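Visitor: Sharing a structure here in C-alpha cells format.
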Amino acid sequence: MVQDLEVGMYVSDLDRPWHQTPFPIQGFYIRSQDDVRALSSHCKWVMIDVAEIRQPKEMTESNLPVFGRSAKRRGREEIQLPPLSIREPVSYSRDVPLDKEIKASRRLLDDAEMALQRLFATIRDGGVADIRPVADIARRMVASVVRQPDALLWLSRIRENDDYVYRHSMNTAVWALVCGRHLGLNETLLNHLGLGCLLSQVGKCFLPQELLEREGHMSADEYAQYREYVARGVAKLADCGLSRAVMSVVQNHRERHNGSGFPGGIRGDRIPLLAKVAGIGEFFESLIAPRGAYEPMTPAKAVAMLYEMRNIEFQEDLVEGFIRAIGIYPTGSLVELTDGRRGIVMSHSPERRLWPRVMVMTDSHHQSLKSAKVIDLARFNEDRDASESLTVRECLPNGTENLDPSRYDVTGGESRWSLARLLSG
C-alpha cells in the first residue's frame, strides 16, 4: 500500500496505467517524501522491486562518467523552483507526415555537417568566423522540427558520422529543439536555441586533440583544462554579432541546476532558460552517444537517469517536459517487443508514452524479415486486454545484430520499403 512506501524503494508498477498518471517514466526510485505524496494522490497500491531498493545514502550518490563528476564531488543537493512559466506559449501541430518531412530534410544534416566543418576549420586557422551558413542551418532545423519533430530525430539516429564534435553539436540541437517545441517556445526563441547548440562546441577547436580523445577518462588537471572550452568559445564568438540569447546558450549550456556545472557554477533561476534546455539535450546526447570507451546507454535508461536528476542537475519542469517531448522510447530507439520481434521506434504519442509506433525488422527469433512492418502499439492495444497487449520489453543498444534501419527507405513512393506500403501491410 502507498502508506508503506519509503525513500529508496523502486516503484516498478502501479494500480493504474502509467499513461493516466503524471509520472513521465515507467519505473523510478522514490527519492523523497514528495514522491510518496505524489504516488498517494494517484494510487492505492504500487509494486516494489525489492532487488532494486537503495539505502538513503545511495540516493545522494551517482556513478556517472566525467560529464557528471562535478555533481558527484559537490553532492546531490535538490533545488526547488516555482513552476516553469513560458510567456505566450505556442501550440504547434503536426501538419506534415513523417515520410514527407524525412524526404524534405534528408540533406539538412549533411549541410549542417559541412557548415560546421568549414566554421571549425576557419576558427582553427585563426580566421574570421562567418556564422551566416550555420545560422541558416539552424533556421532550417527549426522549420523542420516545427513541421514534424520526429523527422530529424529519425535522421540523426540512423545517420553514420565519425566526427564526434559535429555529431554531438547537431544531435544536441535536435534534442533541444524538440524539447523547446514541446514547451511552446516561439520560432524566434527556437532559432536562438538551435544556433546556440550548434555553436556550443566551438571552443573545443582550441583544445588538444589527444585531450578530446580522452573526454571520458580525464585526470583532474585535464578536466580543468577541458572546462576552458566554454570560455574560449564565448571569446571567439564575441565579435560575430550574435544575439545575447544565442551567446547565453554557448556560455551556460554546461551549468547545472544545483551549481555543480561550469564555467560559472551558477544555479537555479540564474541559468537562462534556453541554456537549461540546451544543457538537458547535451547531457542526454552524452549518455546515449558518449565519446571514448564508455558504453552508450540505451535511450530508455538515459531517460530514467535524467528523471532521477530532476531538481538536482536539471530543473524538474524541464526534465519532465523533455521526457514528454521525446517519449520513453525516443524516435530512433531500437527495441524488442514482448513477442520477441525487434525493430526501431518511429514516433510516439504523448497520451500513450509506453506504446510507440515501431518498425519491426525481425521475427520473434531475431532473424531479419524480408519485409518490414510498422506497428502502432497504441492502436494495436486499444481494444485488447492487458494479457493480449503488445508492448516494448526492452530498449536495445545501437548496433544490435540484424537491426539496420538504413536498409529501409521510408520515403520513396516507388520503393519496396516505402512507409506508405509498410503502414498498409
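Chain identifiers are assigned as A, B, and so on, following the order in which chains appear in the C-alpha cells; residues are numbered from 1 within each chain, and ligands are numbered from 1 in order of appearance.
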Fewer than 5 positions away in the same chain doesn't count, so skip those; otherwise give me all residues within 9 Å of Val174 (chain A), counting only C-alpha atoms, as a PyMOL selection string.

Guide: chain A and resi 141-142+145+149+152-153+156+169+179+194+197+281

Visitor: Any idea what's packed within 12 Å of Arg270 (chain A), counting only C-alpha atoms, ignoring anything in its chain fewer than 6 positions away? Could you give it as a short mmCIF file (atom, residue, chain, number, x, y, z; two decimals) with N, CA and C atoms, in the first residue's frame?

Guide:
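Ended up saving to part_10.cif:
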```cif
data_model
loop_
_atom_site.label_atom_id
_atom_site.label_comp_id
_atom_site.auth_asym_id
_atom_site.auth_seq_id
_atom_site.Cartn_x
_atom_site.Cartn_y
_atom_site.Cartn_z
N LEU A 81 12.24 25.21 -7.53
CA LEU A 81 11.89 26.50 -8.11
C LEU A 81 10.39 26.55 -8.35
N SER A 248 24.09 33.25 -24.65
CA SER A 248 23.78 32.68 -23.33
C SER A 248 23.78 31.16 -23.39
N ASN A 252 26.40 29.04 -21.18
CA ASN A 252 25.79 28.42 -19.99
C ASN A 252 25.27 27.00 -20.19
N GLU A 255 26.24 24.68 -17.37
CA GLU A 255 25.85 24.99 -15.99
C GLU A 255 24.77 24.01 -15.55
N ARG A 256 24.68 23.80 -14.25
CA ARG A 256 23.73 22.82 -13.73
C ARG A 256 22.88 23.43 -12.64
N HIS A 257 21.68 22.89 -12.50
CA HIS A 257 20.64 23.42 -11.62
C HIS A 257 21.13 23.62 -10.19
N ASN A 258 21.97 22.71 -9.68
CA ASN A 258 22.43 22.80 -8.30
C ASN A 258 23.78 23.48 -8.16
N GLY A 259 24.24 24.15 -9.22
CA GLY A 259 25.50 24.88 -9.15
C GLY A 259 26.72 24.03 -9.38
N GLY A 264 30.74 28.99 -14.61
CA GLY A 264 30.49 29.92 -13.51
C GLY A 264 29.96 29.29 -12.25
N LYS A 276 19.32 26.12 -20.20
CA LYS A 276 18.85 24.94 -19.47
C LYS A 276 18.37 23.85 -20.43
N GLN A 315 16.34 21.27 -13.78
CA GLN A 315 15.06 21.70 -13.21
C GLN A 315 13.98 20.67 -13.53
#
```

Visitor: Considering only C-alpha atoms, tabulate each residue of region 91-122 of chain A that lies at most 8 Å from region 131-136 of chain A along with its nearest interatomic pair and the corresponding distance in Å to one decimal; arrange the rows by chain and ascending residue number and present them as a tab-separated table.

Guide:
```
residue	atom	partner	partner_atom	distance
A:Ala112	CA	A:Val134	CA	7.0
A:Ala115	CA	A:Val134	CA	5.8
A:Leu116	CA	A:Val134	CA	6.8
A:Leu119	CA	A:Ile131	CA	7.5
```

Visitor: What's the separation between CA of Tyr10 (chain A) and CA of Cys395 (chain A), in Å to one decimal place?

Guide: 19.1 Å

Visitor: What does the distance between CA of Arg291 (chain A) and CA of Gly196 (chain A) come to in Å, to one decimal place?

Guide: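 Going from CA of Arg291 (chain A) over to CA of Gly196 (chain A) covers 21.1 Å.
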
Visitor: Have a look at A:Tyr294, A:Arg341, A:Arg139, A:Ile280 and name the one nearest to Leu306 (chain A); count only C-alpha atoms.

Guide: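 With only C-alpha atoms as the atom set, the closest residue is A:Ile280.
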
Visitor: Write out as a list in words the residues lying within 12 Å of Arg37 (chain A), counting only C-alpha atoms and excluding same-chain residues fewer than 4 positions away.

Guide: Val2, Gln3, Asp4, Leu5, Glu6, Val7, Ile30, Arg31, Ser32, Gln33, Ser41, His42, Cys43 and Lys44 of chain A

Visitor: Store the residues of this selection in a file with N, CA and C atoms, as a PDB file, in the first residue's frame.

Guide:
```pdb
ATOM      1  N   VAL A   2       0.365   2.347  -0.538  1.00  0.00           N
ATOM      2  CA  VAL A   2       1.201   3.529  -0.692  1.00  0.00           C
ATOM      3  C   VAL A   2       1.648   4.107   0.644  1.00  0.00           C
ATOM      4  N   GLN A   3       0.859   3.879   1.725  1.00  0.00           N
ATOM      5  CA  GLN A   3       1.260   4.428   3.029  1.00  0.00           C
ATOM      6  C   GLN A   3       2.497   3.729   3.588  1.00  0.00           C
ATOM      7  N   ASP A   4       2.886   2.609   2.998  1.00  0.00           N
ATOM      8  CA  ASP A   4       4.059   1.863   3.457  1.00  0.00           C
ATOM      9  C   ASP A   4       5.324   2.199   2.665  1.00  0.00           C
ATOM     10  N   LEU A   5       5.230   3.119   1.715  1.00  0.00           N
ATOM     11  CA  LEU A   5       6.383   3.436   0.875  1.00  0.00           C
ATOM     12  C   LEU A   5       7.448   4.190   1.659  1.00  0.00           C
ATOM     13  N   GLU A   6       8.718   3.959   1.272  1.00  0.00           N
ATOM     14  CA  GLU A   6       9.841   4.617   1.917  1.00  0.00           C
ATOM     15  C   GLU A   6      10.822   5.098   0.856  1.00  0.00           C
ATOM     16  N   VAL A   7      11.621   6.107   1.222  1.00  0.00           N
ATOM     17  CA  VAL A   7      12.662   6.613   0.336  1.00  0.00           C
ATOM     18  C   VAL A   7      13.649   5.495   0.032  1.00  0.00           C
ATOM     19  N   ILE A  30      12.038   6.170  -5.407  1.00  0.00           N
ATOM     20  CA  ILE A  30      11.444   7.183  -4.534  1.00  0.00           C
ATOM     21  C   ILE A  30      12.586   7.931  -3.857  1.00  0.00           C
ATOM     22  N   ARG A  31      12.687   9.218  -4.118  1.00  0.00           N
ATOM     23  CA  ARG A  31      13.812   9.999  -3.604  1.00  0.00           C
ATOM     24  C   ARG A  31      13.456  10.825  -2.384  1.00  0.00           C
ATOM     25  N   SER A  32      12.168  11.086  -2.189  1.00  0.00           N
ATOM     26  CA  SER A  32      11.771  11.986  -1.098  1.00  0.00           C
ATOM     27  C   SER A  32      10.321  11.720  -0.710  1.00  0.00           C
ATOM     28  N   GLN A  33       9.888  12.355   0.369  1.00  0.00           N
ATOM     29  CA  GLN A  33       8.502  12.247   0.783  1.00  0.00           C
ATOM     30  C   GLN A  33       7.558  12.910  -0.225  1.00  0.00           C
ATOM     31  N   SER A  41      -1.492  10.364  -4.064  1.00  0.00           N
ATOM     32  CA  SER A  41      -2.604  11.116  -4.632  1.00  0.00           C
ATOM     33  C   SER A  41      -3.178  10.460  -5.885  1.00  0.00           C
ATOM     34  N   HIS A  42      -2.451   9.485  -6.447  1.00  0.00           N
ATOM     35  CA  HIS A  42      -2.913   8.857  -7.679  1.00  0.00           C
ATOM     36  C   HIS A  42      -3.164   7.360  -7.549  1.00  0.00           C
ATOM     37  N   CYS A  43      -2.583   6.726  -6.534  1.00  0.00           N
ATOM     38  CA  CYS A  43      -2.655   5.269  -6.446  1.00  0.00           C
ATOM     39  C   CYS A  43      -3.031   4.810  -5.039  1.00  0.00           C
ATOM     40  N   LYS A  44      -3.643   3.637  -4.959  1.00  0.00           N
ATOM     41  CA  LYS A  44      -3.896   3.000  -3.673  1.00  0.00           C
ATOM     42  C   LYS A  44      -2.778   2.021  -3.329  1.00  0.00           C
TER      43      LYS A  44
END
```

Visitor: Tell me which of A:Met361, A:Val303, A:Leu199, A:Leu403 sits closest to Val165 (chain A), counting only C-alpha atoms.

Guide: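 Answer, going by the shortest atom-to-atom distance: A:Leu199.
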